[in-house]
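Data from target_20.cif: mmCIF, C-alpha atoms
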data_run
loop_
_atom_site.group_PDB
_atom_site.id
_atom_site.type_symbol
_atom_site.label_atom_id
_atom_site.label_comp_id
_atom_site.auth_asym_id
_atom_site.auth_seq_id
_atom_site.Cartn_x
_atom_site.Cartn_y
_atom_site.Cartn_z
ATOM 1 C CA MET A 23 -22.941 13.354 12.579
ATOM 2 C CA LYS A 24 -21.566 16.778 13.331
ATOM 3 C CA ARG A 25 -18.079 15.977 14.594
ATOM 4 C CA ILE A 26 -15.721 13.423 13.047
ATOM 5 C CA ALA A 27 -12.000 12.632 13.185
ATOM 6 C CA VAL A 28 -9.358 11.166 10.917
ATOM 7 C CA LEU A 29 -6.093 9.325 11.544
ATOM 8 C CA THR A 30 -3.359 7.611 9.536
ATOM 9 C CA SER A 31 -1.789 4.436 10.814
ATOM 10 C CA GLY A 32 0.832 1.845 9.915
ATOM 11 C CA GLY A 33 3.278 2.334 7.066
ATOM 12 C CA ASP A 34 2.951 5.678 5.300
ATOM 13 C CA ALA A 35 1.845 5.801 1.671
ATOM 14 C CA PRO A 36 1.898 8.606 -0.913
ATOM 15 C CA GLY A 37 -1.606 10.070 -1.071
ATOM 16 C CA MET A 38 -2.436 9.807 2.616
ATOM 17 C CA ASN A 39 -2.261 13.595 2.913
ATOM 18 C CA ALA A 40 -4.588 13.938 -0.060
ATOM 19 C CA ALA A 41 -7.074 11.628 1.679
ATOM 20 C CA VAL A 42 -6.904 13.580 4.951
ATOM 21 C CA ARG A 43 -7.349 16.816 3.009
ATOM 22 C CA ALA A 44 -10.473 15.426 1.334
ATOM 23 C CA VAL A 45 -11.949 14.287 4.663
ATOM 24 C CA VAL A 46 -11.334 17.687 6.238
ATOM 25 C CA ARG A 47 -12.585 19.832 3.373
ATOM 26 C CA LYS A 48 -15.558 17.632 2.517
ATOM 27 C CA GLY A 49 -16.485 17.459 6.190
ATOM 28 C CA ILE A 50 -16.363 21.233 6.598
ATOM 29 C CA TYR A 51 -18.313 21.636 3.346
ATOM 30 C CA GLU A 52 -21.024 19.437 4.863
ATOM 31 C CA GLY A 53 -21.132 21.557 8.029
ATOM 32 C CA MET A 54 -19.104 19.222 10.235
ATOM 33 C CA GLU A 55 -16.200 19.783 12.600
ATOM 34 C CA VAL A 56 -13.225 17.623 11.699
ATOM 35 C CA TYR A 57 -10.455 16.606 14.094
ATOM 36 C CA GLY A 58 -7.041 15.174 13.298
ATOM 37 C CA ILE A 59 -5.430 12.501 15.454
ATOM 38 C CA ASN A 60 -1.635 12.481 15.482
ATOM 39 C CA TYR A 61 0.414 9.255 15.494
ATOM 40 C CA GLY A 62 -2.408 6.859 14.650
ATOM 41 C CA PHE A 63 -3.948 4.687 17.340
ATOM 42 C CA ALA A 64 -1.152 5.577 19.750
ATOM 43 C CA GLY A 65 -2.174 9.230 19.507
ATOM 44 C CA LEU A 66 -5.825 8.279 19.828
ATOM 45 C CA VAL A 67 -5.263 6.543 23.160
ATOM 46 C CA ALA A 68 -3.015 9.403 24.327
ATOM 47 C CA GLY A 69 -5.612 12.018 23.354
ATOM 48 C CA ASP A 70 -3.287 13.731 20.849
ATOM 49 C CA ILE A 71 -6.257 15.209 18.998
ATOM 50 C CA ARG A 72 -6.773 18.641 17.438
ATOM 51 C CA LYS A 73 -9.413 20.424 15.426
ATOM 52 C CA LEU A 74 -8.462 20.941 11.780
ATOM 53 C CA SER A 75 -9.383 23.889 9.588
ATOM 54 C CA ILE A 76 -9.384 24.319 5.820
ATOM 55 C CA SER A 77 -6.014 26.041 5.993
ATOM 56 C CA ASP A 78 -4.494 23.182 8.021
ATOM 57 C CA VAL A 79 -4.713 20.968 4.944
ATOM 58 C CA GLY A 80 -3.640 23.604 2.438
ATOM 59 C CA ASP A 81 -0.522 22.774 0.415
ATOM 60 C CA MET A 82 -0.868 19.099 1.388
ATOM 61 C CA ILE A 83 -2.263 17.323 -1.651
ATOM 62 C CA GLN A 84 1.152 17.043 -3.323
ATOM 63 C CA ARG A 85 3.104 15.946 -0.256
ATOM 64 C CA GLY A 86 4.157 12.387 0.426
ATOM 65 C CA GLY A 87 4.053 10.791 3.858
ATOM 66 C CA THR A 88 1.431 11.927 6.353
ATOM 67 C CA PHE A 89 1.344 15.223 8.207
ATOM 68 C CA LEU A 90 -0.697 13.506 10.930
ATOM 69 C CA TYR A 91 2.267 11.154 11.427
ATOM 70 C CA SER A 92 2.024 7.450 12.052
ATOM 71 C CA ALA A 93 3.122 4.949 14.663
ATOM 72 C CA ARG A 94 2.939 1.249 15.384
ATOM 73 C CA TYR A 95 0.723 0.582 18.394
ATOM 74 C CA PRO A 96 0.200 -3.156 18.995
ATOM 75 C CA GLU A 97 -1.548 -2.365 22.301
ATOM 76 C CA PHE A 98 -4.625 -1.358 20.280
ATOM 77 C CA ALA A 99 -5.125 -5.049 19.545
ATOM 78 C CA THR A 100 -6.236 -5.447 23.177
ATOM 79 C CA GLU A 101 -9.731 -4.608 24.402
ATOM 80 C CA GLU A 102 -8.228 -2.331 27.041
ATOM 81 C CA GLY A 103 -6.483 -0.248 24.375
ATOM 82 C CA GLN A 104 -9.601 -0.085 22.230
ATOM 83 C CA LEU A 105 -11.807 1.093 25.085
ATOM 84 C CA LYS A 106 -9.254 3.762 26.011
ATOM 85 C CA GLY A 107 -9.404 5.011 22.432
ATOM 86 C CA ILE A 108 -13.190 5.155 22.451
ATOM 87 C CA GLU A 109 -13.056 7.010 25.771
ATOM 88 C CA GLN A 110 -10.883 9.703 24.178
ATOM 89 C CA LEU A 111 -13.201 9.996 21.186
ATOM 90 C CA LYS A 112 -16.190 10.474 23.476
ATOM 91 C CA LYS A 113 -14.233 12.995 25.542
ATOM 92 C CA PHE A 114 -13.805 15.155 22.441
ATOM 93 C CA GLY A 115 -17.395 14.574 21.343
ATOM 94 C CA ILE A 116 -16.273 12.809 18.163
ATOM 95 C CA GLU A 117 -19.076 10.736 16.659
ATOM 96 C CA GLY A 118 -17.266 8.938 13.841
ATOM 97 C CA LEU A 119 -13.718 8.104 12.760
ATOM 98 C CA VAL A 120 -11.967 7.713 9.400
ATOM 99 C CA VAL A 121 -8.978 5.342 9.557
ATOM 100 C CA ILE A 122 -6.465 5.470 6.694
ATOM 101 C CA GLY A 123 -3.957 2.635 6.501
ATOM 102 C CA GLY A 124 -3.287 -0.999 5.763
ATOM 103 C CA ASP A 125 -4.176 -4.341 7.300
ATOM 104 C CA GLY A 126 -3.335 -3.448 10.908
ATOM 105 C CA SER A 127 -5.187 -0.146 10.649
ATOM 106 C CA TYR A 128 -8.237 -1.917 9.253
ATOM 107 C CA HIS A 129 -8.223 -4.336 12.155
ATOM 108 C CA GLY A 130 -8.183 -1.358 14.518
ATOM 109 C CA ALA A 131 -11.193 0.119 12.723
ATOM 110 C CA MET A 132 -12.909 -3.263 12.841
ATOM 111 C CA ALA A 133 -12.326 -3.481 16.590
ATOM 112 C CA LEU A 134 -14.003 -0.098 17.068
ATOM 113 C CA THR A 135 -16.888 -1.312 14.924
ATOM 114 C CA LYS A 136 -17.353 -4.383 17.105
ATOM 115 C CA HIS A 137 -17.562 -2.070 20.121
ATOM 116 C CA GLY A 138 -20.352 -0.183 18.373
ATOM 117 C CA TYR A 139 -18.288 2.862 17.423
ATOM 118 C CA PRO A 140 -18.760 4.119 13.821
ATOM 119 C CA ALA A 141 -15.500 3.845 11.874
ATOM 120 C CA VAL A 142 -14.758 3.868 8.152
ATOM 121 C CA GLY A 143 -11.544 2.420 6.728
ATOM 122 C CA LEU A 144 -9.697 3.813 3.711
ATOM 123 C CA PRO A 145 -7.039 1.552 2.110
ATOM 124 C CA GLY A 146 -3.704 3.335 2.308
ATOM 125 C CA THR A 147 -0.715 1.074 1.652
ATOM 126 C CA ILE A 148 1.808 0.694 -1.158
ATOM 127 C CA ASP A 149 1.502 -3.098 -0.779
ATOM 128 C CA ASN A 150 -1.975 -3.046 -2.401
ATOM 129 C CA ASP A 151 -2.916 -6.037 -0.256
ATOM 130 C CA ILE A 152 -6.242 -4.945 1.244
ATOM 131 C CA PRO A 153 -9.351 -6.989 0.343
ATOM 132 C CA GLY A 154 -12.421 -5.183 -0.936
ATOM 133 C CA THR A 155 -10.605 -2.880 -3.343
ATOM 134 C CA ASP A 156 -8.732 -3.188 -6.625
ATOM 135 C CA PHE A 157 -6.250 -0.484 -5.681
ATOM 136 C CA CYS A 158 -4.966 1.157 -2.492
ATOM 137 C CA ILE A 159 -3.767 4.708 -1.936
ATOM 138 C CA GLY A 160 -0.017 4.847 -2.606
ATOM 139 C CA PHE A 161 0.292 1.803 -4.848
ATOM 140 C CA ASP A 162 0.415 3.686 -8.136
ATOM 141 C CA THR A 163 3.102 6.066 -6.885
ATOM 142 C CA ALA A 164 5.168 3.195 -5.478
ATOM 143 C CA ILE A 165 5.201 1.170 -8.691
ATOM 144 C CA ASN A 166 6.219 4.236 -10.669
ATOM 145 C CA THR A 167 9.066 4.837 -8.195
ATOM 146 C CA VAL A 168 10.169 1.227 -8.644
ATOM 147 C CA LEU A 169 9.824 1.507 -12.412
ATOM 148 C CA GLU A 170 12.158 4.500 -12.525
ATOM 149 C CA SER A 171 14.761 2.485 -10.629
ATOM 150 C CA ILE A 172 14.346 -0.523 -12.923
ATOM 151 C CA ASP A 173 14.900 1.666 -15.978
ATOM 152 C CA ARG A 174 18.108 3.016 -14.481
ATOM 153 C CA ILE A 175 19.332 -0.417 -13.422
ATOM 154 C CA ARG A 176 18.783 -1.793 -16.928
ATOM 155 C CA ASP A 177 21.249 0.748 -18.293
ATOM 156 C CA THR A 178 24.068 -0.409 -16.058
ATOM 157 C CA ALA A 179 23.069 -4.091 -16.358
ATOM 158 C CA THR A 180 23.402 -3.855 -20.136
ATOM 159 C CA SER A 181 26.683 -1.961 -19.941
ATOM 160 C CA HIS A 182 28.270 -4.725 -17.855
ATOM 161 C CA VAL A 183 26.308 -7.710 -19.215
ATOM 162 C CA ARG A 184 24.993 -8.615 -15.778
ATOM 163 C CA THR A 185 22.006 -10.092 -14.020
ATOM 164 C CA PHE A 186 20.355 -7.727 -11.579
ATOM 165 C CA ILE A 187 18.114 -8.898 -8.770
ATOM 166 C CA ILE A 188 15.819 -6.116 -7.588
ATOM 167 C CA GLU A 189 14.090 -6.646 -4.245
ATOM 168 C CA VAL A 190 10.842 -4.712 -3.818
ATOM 169 C CA MET A 191 8.389 -4.264 -0.977
ATOM 170 C CA GLY A 192 4.886 -5.711 -0.761
ATOM 171 C CA ARG A 193 4.860 -7.638 2.510
ATOM 172 C CA ASP A 194 3.084 -10.913 1.647
ATOM 173 C CA ALA A 195 1.689 -9.624 -1.652
ATOM 174 C CA GLY A 196 3.332 -9.573 -5.062
ATOM 175 C CA ASP A 197 1.493 -6.643 -6.644
ATOM 176 C CA ILE A 198 4.421 -4.204 -6.637
ATOM 177 C CA ALA A 199 6.703 -6.809 -8.200
ATOM 178 C CA LEU A 200 4.075 -7.786 -10.783
ATOM 179 C CA TRP A 201 3.128 -4.337 -11.987
ATOM 180 C CA ALA A 202 6.580 -2.764 -11.872
ATOM 181 C CA GLY A 203 8.178 -5.905 -13.312
ATOM 182 C CA ILE A 204 5.916 -5.987 -16.352
ATOM 183 C CA ALA A 205 6.221 -2.232 -16.919
ATOM 184 C CA GLY A 206 9.994 -2.488 -16.585
ATOM 185 C CA GLY A 207 10.414 -5.447 -18.916
ATOM 186 C CA ALA A 208 11.804 -7.771 -16.253
ATOM 187 C CA GLU A 209 12.744 -11.232 -17.485
ATOM 188 C CA GLN A 210 11.620 -12.846 -14.233
ATOM 189 C CA ILE A 211 9.077 -11.819 -11.581
ATOM 190 C CA ILE A 212 9.158 -13.773 -8.320
ATOM 191 C CA ILE A 213 6.076 -13.394 -6.104
ATOM 192 C CA PRO A 214 4.661 -15.157 -3.009
ATOM 193 C CA GLU A 215 1.501 -16.162 -4.869
ATOM 194 C CA LYS A 216 3.345 -18.326 -7.396
ATOM 195 C CA GLU A 217 5.905 -21.078 -6.827
ATOM 196 C CA PHE A 218 9.123 -20.913 -8.794
ATOM 197 C CA ASP A 219 11.988 -23.222 -9.663
ATOM 198 C CA MET A 220 15.463 -21.687 -9.310
ATOM 199 C CA ALA A 221 16.844 -24.125 -11.857
ATOM 200 C CA GLU A 222 14.291 -22.816 -14.396
ATOM 201 C CA VAL A 223 15.239 -19.222 -13.537
ATOM 202 C CA ALA A 224 18.895 -20.031 -14.227
ATOM 203 C CA LYS A 225 17.972 -21.857 -17.431
ATOM 204 C CA THR A 226 16.027 -18.828 -18.700
ATOM 205 C CA ILE A 227 18.957 -16.513 -17.979
ATOM 206 C CA GLN A 228 21.321 -18.836 -19.829
ATOM 207 C CA LYS A 229 19.002 -19.047 -22.851
ATOM 208 C CA GLY A 230 19.026 -15.267 -23.058
ATOM 209 C CA ARG A 231 22.810 -15.175 -22.886
ATOM 210 C CA ASP A 232 23.130 -17.830 -25.558
ATOM 211 C CA ARG A 233 21.213 -15.672 -28.014
ATOM 212 C CA GLY A 234 23.247 -12.571 -27.132
ATOM 213 C CA LYS A 235 21.079 -10.870 -24.553
ATOM 214 C CA LYS A 236 23.085 -8.270 -22.632
ATOM 215 C CA HIS A 237 21.166 -8.207 -19.354
ATOM 216 C CA SER A 238 18.677 -10.043 -17.144
ATOM 217 C CA LEU A 239 16.402 -8.294 -14.657
ATOM 218 C CA ILE A 240 14.748 -10.293 -11.890
ATOM 219 C CA VAL A 241 12.211 -8.536 -9.638
ATOM 220 C CA VAL A 242 11.765 -10.328 -6.319
ATOM 221 C CA ALA A 243 8.941 -9.540 -3.883
ATOM 222 C CA GLU A 244 10.173 -9.383 -0.287
ATOM 223 C CA GLY A 245 7.476 -11.871 0.751
ATOM 224 C CA VAL A 246 9.366 -14.607 -1.096
ATOM 225 C CA MET A 247 12.860 -13.938 0.228
ATOM 226 C CA GLY A 248 15.466 -11.197 0.355
ATOM 227 C CA GLY A 249 17.387 -10.238 -2.763
ATOM 228 C CA ASN A 250 20.730 -11.325 -1.333
ATOM 229 C CA GLU A 251 19.393 -14.739 -0.365
ATOM 230 C CA PHE A 252 17.968 -15.121 -3.859
ATOM 231 C CA ALA A 253 21.367 -14.259 -5.377
ATOM 232 C CA GLU A 254 23.067 -16.878 -3.213
ATOM 233 C CA LYS A 255 20.609 -19.568 -4.295
ATOM 234 C CA LEU A 256 20.944 -18.553 -7.946
ATOM 235 C CA ALA A 257 24.748 -18.833 -7.680
ATOM 236 C CA GLU A 258 24.325 -22.523 -6.888
ATOM 237 C CA HIS A 259 23.225 -22.977 -10.521
ATOM 238 C CA GLY A 260 26.040 -21.017 -12.149
ATOM 239 C CA ASP A 261 27.853 -17.701 -12.267
ATOM 240 C CA TYR A 262 25.489 -15.142 -13.750
ATOM 241 C CA HIS A 263 27.394 -12.055 -12.593
ATOM 242 C CA ALA A 264 24.470 -11.190 -10.345
ATOM 243 C CA ARG A 265 24.158 -7.920 -8.475
ATOM 244 C CA VAL A 266 21.476 -7.092 -5.918
ATOM 245 C CA THR A 267 19.557 -3.855 -5.417
ATOM 246 C CA VAL A 268 17.255 -3.571 -2.410
ATOM 247 C CA LEU A 269 15.009 -0.580 -3.055
ATOM 248 C CA GLY A 270 13.678 -0.404 0.500
ATOM 249 C CA HIS A 271 11.821 2.569 1.895
ATOM 250 C CA VAL A 272 12.445 4.781 -1.115
ATOM 251 C CA GLN A 273 9.289 3.074 -2.426
ATOM 252 C CA ARG A 274 7.150 4.689 0.261
ATOM 253 C CA GLY A 275 8.184 8.303 -0.179
ATOM 254 C CA GLY A 276 7.714 11.000 -2.742
ATOM 255 C CA SER A 277 4.971 13.139 -4.153
ATOM 256 C CA PRO A 278 1.858 11.078 -4.994
ATOM 257 C CA SER A 279 0.924 10.480 -8.608
ATOM 258 C CA ALA A 280 -2.153 12.096 -10.144
ATOM 259 C CA ARG A 281 -3.954 8.740 -9.920
ATOM 260 C CA ASP A 282 -3.221 8.417 -6.192
ATOM 261 C CA ARG A 283 -4.312 12.008 -5.514
ATOM 262 C CA VAL A 284 -7.627 11.505 -7.284
ATOM 263 C CA LEU A 285 -8.187 8.086 -5.688
ATOM 264 C CA ALA A 286 -7.427 9.444 -2.213
ATOM 265 C CA SER A 287 -9.693 12.444 -2.740
ATOM 266 C CA ASN A 288 -12.570 10.218 -3.851
ATOM 267 C CA PHE A 289 -12.067 7.836 -0.933
ATOM 268 C CA GLY A 290 -11.914 10.644 1.640
ATOM 269 C CA ALA A 291 -15.015 12.401 0.354
ATOM 270 C CA HIS A 292 -16.960 9.133 0.208
ATOM 271 C CA ALA A 293 -16.043 8.320 3.809
ATOM 272 C CA VAL A 294 -17.522 11.658 4.905
ATOM 273 C CA ASP A 295 -20.707 10.959 2.938
ATOM 274 C CA LEU A 296 -21.066 7.667 4.814
ATOM 275 C CA LEU A 297 -20.478 9.141 8.269
ATOM 276 C CA LYS A 298 -22.763 12.092 7.522
ATOM 277 C CA VAL A 299 -25.742 9.715 7.424
ATOM 278 C CA GLY A 300 -24.494 7.671 10.381
ATOM 279 C CA ARG A 301 -23.014 4.758 8.465
ATOM 280 C CA GLY A 302 -19.938 3.198 10.049
ATOM 281 C CA GLY A 303 -18.408 -0.260 10.168
ATOM 282 C CA LEU A 304 -17.447 0.054 6.521
ATOM 283 C CA CYS A 305 -14.365 0.121 4.334
ATOM 284 C CA VAL A 306 -14.142 2.107 1.122
ATOM 285 C CA GLY A 307 -12.602 0.769 -2.068
ATOM 286 C CA ILE A 308 -12.672 0.880 -5.840
ATOM 287 C CA ARG A 309 -14.032 -1.959 -7.967
ATOM 288 C CA ASP A 310 -14.248 -1.809 -11.753
ATOM 289 C CA ASN A 311 -13.404 1.904 -11.526
ATOM 290 C CA LYS A 312 -16.355 2.635 -9.213
ATOM 291 C CA ILE A 313 -16.109 3.760 -5.569
ATOM 292 C CA VAL A 314 -17.730 1.167 -3.317
ATOM 293 C CA GLU A 315 -18.116 0.424 0.364
ATOM 294 C CA ASN A 316 -18.237 -2.944 2.114
ATOM 295 C CA ASP A 317 -18.838 -4.208 5.620
ATOM 296 C CA ILE A 318 -15.404 -4.058 7.257
ATOM 297 C CA VAL A 319 -15.891 -7.106 9.493
ATOM 298 C CA GLU A 320 -17.050 -9.309 6.631
ATOM 299 C CA THR A 321 -14.330 -7.972 4.338
ATOM 300 C CA LEU A 322 -11.511 -8.751 6.753
ATOM 301 C CA GLU A 323 -12.856 -12.036 8.076
ATOM 302 C CA LYS A 324 -13.932 -13.522 4.749
ATOM 303 C CA GLY A 325 -12.046 -11.551 2.107
ATOM 304 C CA LYS A 326 -8.504 -12.105 0.953
ATOM 305 C CA HIS A 327 -6.382 -10.106 -1.427
ATOM 306 C CA LYS A 328 -5.495 -12.033 -4.566
ATOM 307 C CA ALA A 329 -2.772 -11.170 -7.013
ATOM 308 C CA ASP A 330 -3.761 -10.946 -10.662
ATOM 309 C CA LEU A 331 -1.975 -14.050 -11.899
ATOM 310 C CA SER A 332 -2.962 -13.239 -15.482
ATOM 311 C CA LEU A 333 -0.268 -10.555 -15.249
ATOM 312 C CA TYR A 334 2.229 -13.189 -14.129
ATOM 313 C CA GLN A 335 1.353 -15.333 -17.139
ATOM 314 C CA LEU A 336 1.534 -12.303 -19.429
ATOM 315 C CA ASN A 337 5.095 -11.599 -18.314
ATOM 316 C CA LYS A 338 6.110 -15.206 -18.988
ATOM 317 C CA GLU A 339 4.748 -14.893 -22.515
ATOM 318 C CA ILE A 340 6.383 -11.588 -23.452
ATOM 319 C CA SER A 341 9.573 -11.318 -21.382
ATOM 320 C CA TYR A 342 11.862 -13.984 -22.863
#
If you took the structure in this file and wrote it as structure tokens, what would it be?
Amino acid sequence: MKRIAVLTSGGDAPGMNAAVRAVVRKGIYEGMEVYGINYGFAGLVAGDIRKLSISDVGDMIQRGGTFLYSARYPEFATEEGQLKGIEQLKKFGIEGLVVIGGDGSYHGAMALTKHGYPAVGLPGTIDNDIPGTDFCIGFDTAINTVLESIDRIRDTATSHVRTFIIEVMGRDAGDIALWAGIAGGAEQIIIPEKEFDMAEVAKTIQKGRDRGKKHSLIVVAEGVMGGNEFAEKLAEHGDYHARVTVLGHVQRGGSPSARDRVLASNFGAHAVDLLKVGRGGLCVGIRDNKIVENDIVETLEKGKHKADLSLYQLNKEISY
């Protein structure tokens, strides 16, 4: 291939810019022309496409968000929308596409694959819920952002002898809650992948109080329920002086961590290597610290992200 393009879609994640930068610079290094598509699949269908140079991605590796912007575009789920996108790609002479994003973005790339158009997916989502990879671009930065907040909340929780319920993102996955909760020393981690008993949660808080513990931190993944709803249900079992913090979109922003920058750079360069030899219909990931690629259709149709429940058990054993 001599001409490829790259887009970011869905929720932004720290490290997306680093991935785009790697695609552009690796592509140019390999003698290709690289085009950027603004506003994801919406921009693709609209033909909002421009050629990118080395300087266009300068001073980008450390920036959060995505300079190509992003947008929700449910119309791309229809065959009509997909064919319009392919028409635009052919109009610009683009032979292959790199799609950076989460589940919805991957399904867009898969749709192009089923139409015979070469696309490669890169996992970019703080939720870390994409099958075929151990880690997604943005996850490491997000959990460190959450961890900083947990550390700050512990200070005030201890000062006032309170229970704090911290609601974190993750969609239907509990990875952010698991990793940040363990790193932050949370007494309870509530995730979609594991059932919980509110009476047991209350009992654990009370046991801590009885032995003089000055705070309780409960990290709740949004896929279970909202933090305020959780606090209301907890109150049915006693007054634990609970306060709720909903971290929200602060988890998505900020400069990417070193790990996310390196991961994104590796993913982007590998995607170019695949397209260079005409290989599409794939998604890139990392398994056992090695960069891998898998068939995107098989990955999405047969694969499913699974939380590491050994981490959940570890927290139960060391958090009391």
TODO: Enumerate, as a VMD selection string, the residues matched when the PyMOL selection byres ((chain A and resi 107-111) around 9) is run on the file above.
DONE: chain A and resid 27 63 to 69 71 98 102 to 106 112 to 119 134 137 139
Please list as a PyMOL selection string every residue within 9 Å of Glu189 of chain A, counting only C-alpha atoms and excluding residues in the same chain fewer than 6 positions away. chain A and resi 199+240-244+247-250+266-270
> Exactly which residues make up the result of the PyMOL selection byres ((chain A and resi 288-303) around 9) on this file, given as number ranges by chain?
Replying inline: A: 23-24, 26, 40-49, 52, 54, 117-120, 131-132, 134-136, 138-145, 159, 283-287, 304-308, 313-319
Selected residues, C-alpha atoms, written as a PDB file, keeping the file's coordinate frame, please.
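As written to disk, result.pdb reads:
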ATOM      1  CA  MET A  23     -22.941  13.354  12.579  1.00  0.00           C
ATOM      2  CA  LYS A  24     -21.566  16.778  13.331  1.00  0.00           C
ATOM      3  CA  ILE A  26     -15.721  13.423  13.047  1.00  0.00           C
ATOM      4  CA  ALA A  40      -4.588  13.938  -0.060  1.00  0.00           C
ATOM      5  CA  ALA A  41      -7.074  11.628   1.679  1.00  0.00           C
ATOM      6  CA  VAL A  42      -6.904  13.580   4.951  1.00  0.00           C
ATOM      7  CA  ARG A  43      -7.349  16.816   3.009  1.00  0.00           C
ATOM      8  CA  ALA A  44     -10.473  15.426   1.334  1.00  0.00           C
ATOM      9  CA  VAL A  45     -11.949  14.287   4.663  1.00  0.00           C
ATOM     10  CA  VAL A  46     -11.334  17.687   6.238  1.00  0.00           C
ATOM     11  CA  ARG A  47     -12.585  19.832   3.373  1.00  0.00           C
ATOM     12  CA  LYS A  48     -15.558  17.632   2.517  1.00  0.00           C
ATOM     13  CA  GLY A  49     -16.485  17.459   6.190  1.00  0.00           C
ATOM     14  CA  GLU A  52     -21.024  19.437   4.863  1.00  0.00           C
ATOM     15  CA  MET A  54     -19.104  19.222  10.235  1.00  0.00           C
ATOM     16  CA  GLU A 117     -19.076  10.736  16.659  1.00  0.00           C
ATOM     17  CA  GLY A 118     -17.266   8.938  13.841  1.00  0.00           C
ATOM     18  CA  LEU A 119     -13.718   8.104  12.760  1.00  0.00           C
ATOM     19  CA  VAL A 120     -11.967   7.713   9.400  1.00  0.00           C
ATOM     20  CA  ALA A 131     -11.193   0.119  12.723  1.00  0.00           C
ATOM     21  CA  MET A 132     -12.909  -3.263  12.841  1.00  0.00           C
ATOM     22  CA  LEU A 134     -14.003  -0.098  17.068  1.00  0.00           C
ATOM     23  CA  THR A 135     -16.888  -1.312  14.924  1.00  0.00           C
ATOM     24  CA  LYS A 136     -17.353  -4.383  17.105  1.00  0.00           C
ATOM     25  CA  GLY A 138     -20.352  -0.183  18.373  1.00  0.00           C
ATOM     26  CA  TYR A 139     -18.288   2.862  17.423  1.00  0.00           C
ATOM     27  CA  PRO A 140     -18.760   4.119  13.821  1.00  0.00           C
ATOM     28  CA  ALA A 141     -15.500   3.845  11.874  1.00  0.00           C
ATOM     29  CA  VAL A 142     -14.758   3.868   8.152  1.00  0.00           C
ATOM     30  CA  GLY A 143     -11.544   2.420   6.728  1.00  0.00           C
ATOM     31  CA  LEU A 144      -9.697   3.813   3.711  1.00  0.00           C
ATOM     32  CA  PRO A 145      -7.039   1.552   2.110  1.00  0.00           C
ATOM     33  CA  ILE A 159      -3.767   4.708  -1.936  1.00  0.00           C
ATOM     34  CA  ARG A 283      -4.312  12.008  -5.514  1.00  0.00           C
ATOM     35  CA  VAL A 284      -7.627  11.505  -7.284  1.00  0.00           C
ATOM     36  CA  LEU A 285      -8.187   8.086  -5.688  1.00  0.00           C
ATOM     37  CA  ALA A 286      -7.427   9.444  -2.213  1.00  0.00           C
ATOM     38  CA  SER A 287      -9.693  12.444  -2.740  1.00  0.00           C
ATOM     39  CA  LEU A 304     -17.447   0.054   6.521  1.00  0.00           C
ATOM     40  CA  CYS A 305     -14.365   0.121   4.334  1.00  0.00           C
ATOM     41  CA  VAL A 306     -14.142   2.107   1.122  1.00  0.00           C
ATOM     42  CA  GLY A 307     -12.602   0.769  -2.068  1.00  0.00           C
ATOM     43  CA  ILE A 308     -12.672   0.880  -5.840  1.00  0.00           C
ATOM     44  CA  ILE A 313     -16.109   3.760  -5.569  1.00  0.00           C
ATOM     45  CA  VAL A 314     -17.730   1.167  -3.317  1.00  0.00           C
ATOM     46  CA  GLU A 315     -18.116   0.424   0.364  1.00  0.00           C
ATOM     47  CA  ASN A 316     -18.237  -2.944   2.114  1.00  0.00           C
ATOM     48  CA  ASP A 317     -18.838  -4.208   5.620  1.00  0.00           C
ATOM     49  CA  ILE A 318     -15.404  -4.058   7.257  1.00  0.00           C
ATOM     50  CA  VAL A 319     -15.891  -7.106   9.493  1.00  0.00           C
TER      51      VAL A 319
END
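Picture a line from atom CA of Val246 of chain A to atom CA of Pro214 of chain A; it runs 5.1 Å.
Using all atoms listed in the file, the smallest distance between any of A:Glu101, A:Glu339, A:Glu170, A:Glu258 and Gln210 of chain A comes from A:Glu339.
Taking atom CA of Ala280 of chain A and atom CA of Ser171 of chain A as endpoints, the distance between them is 19.5 Å.
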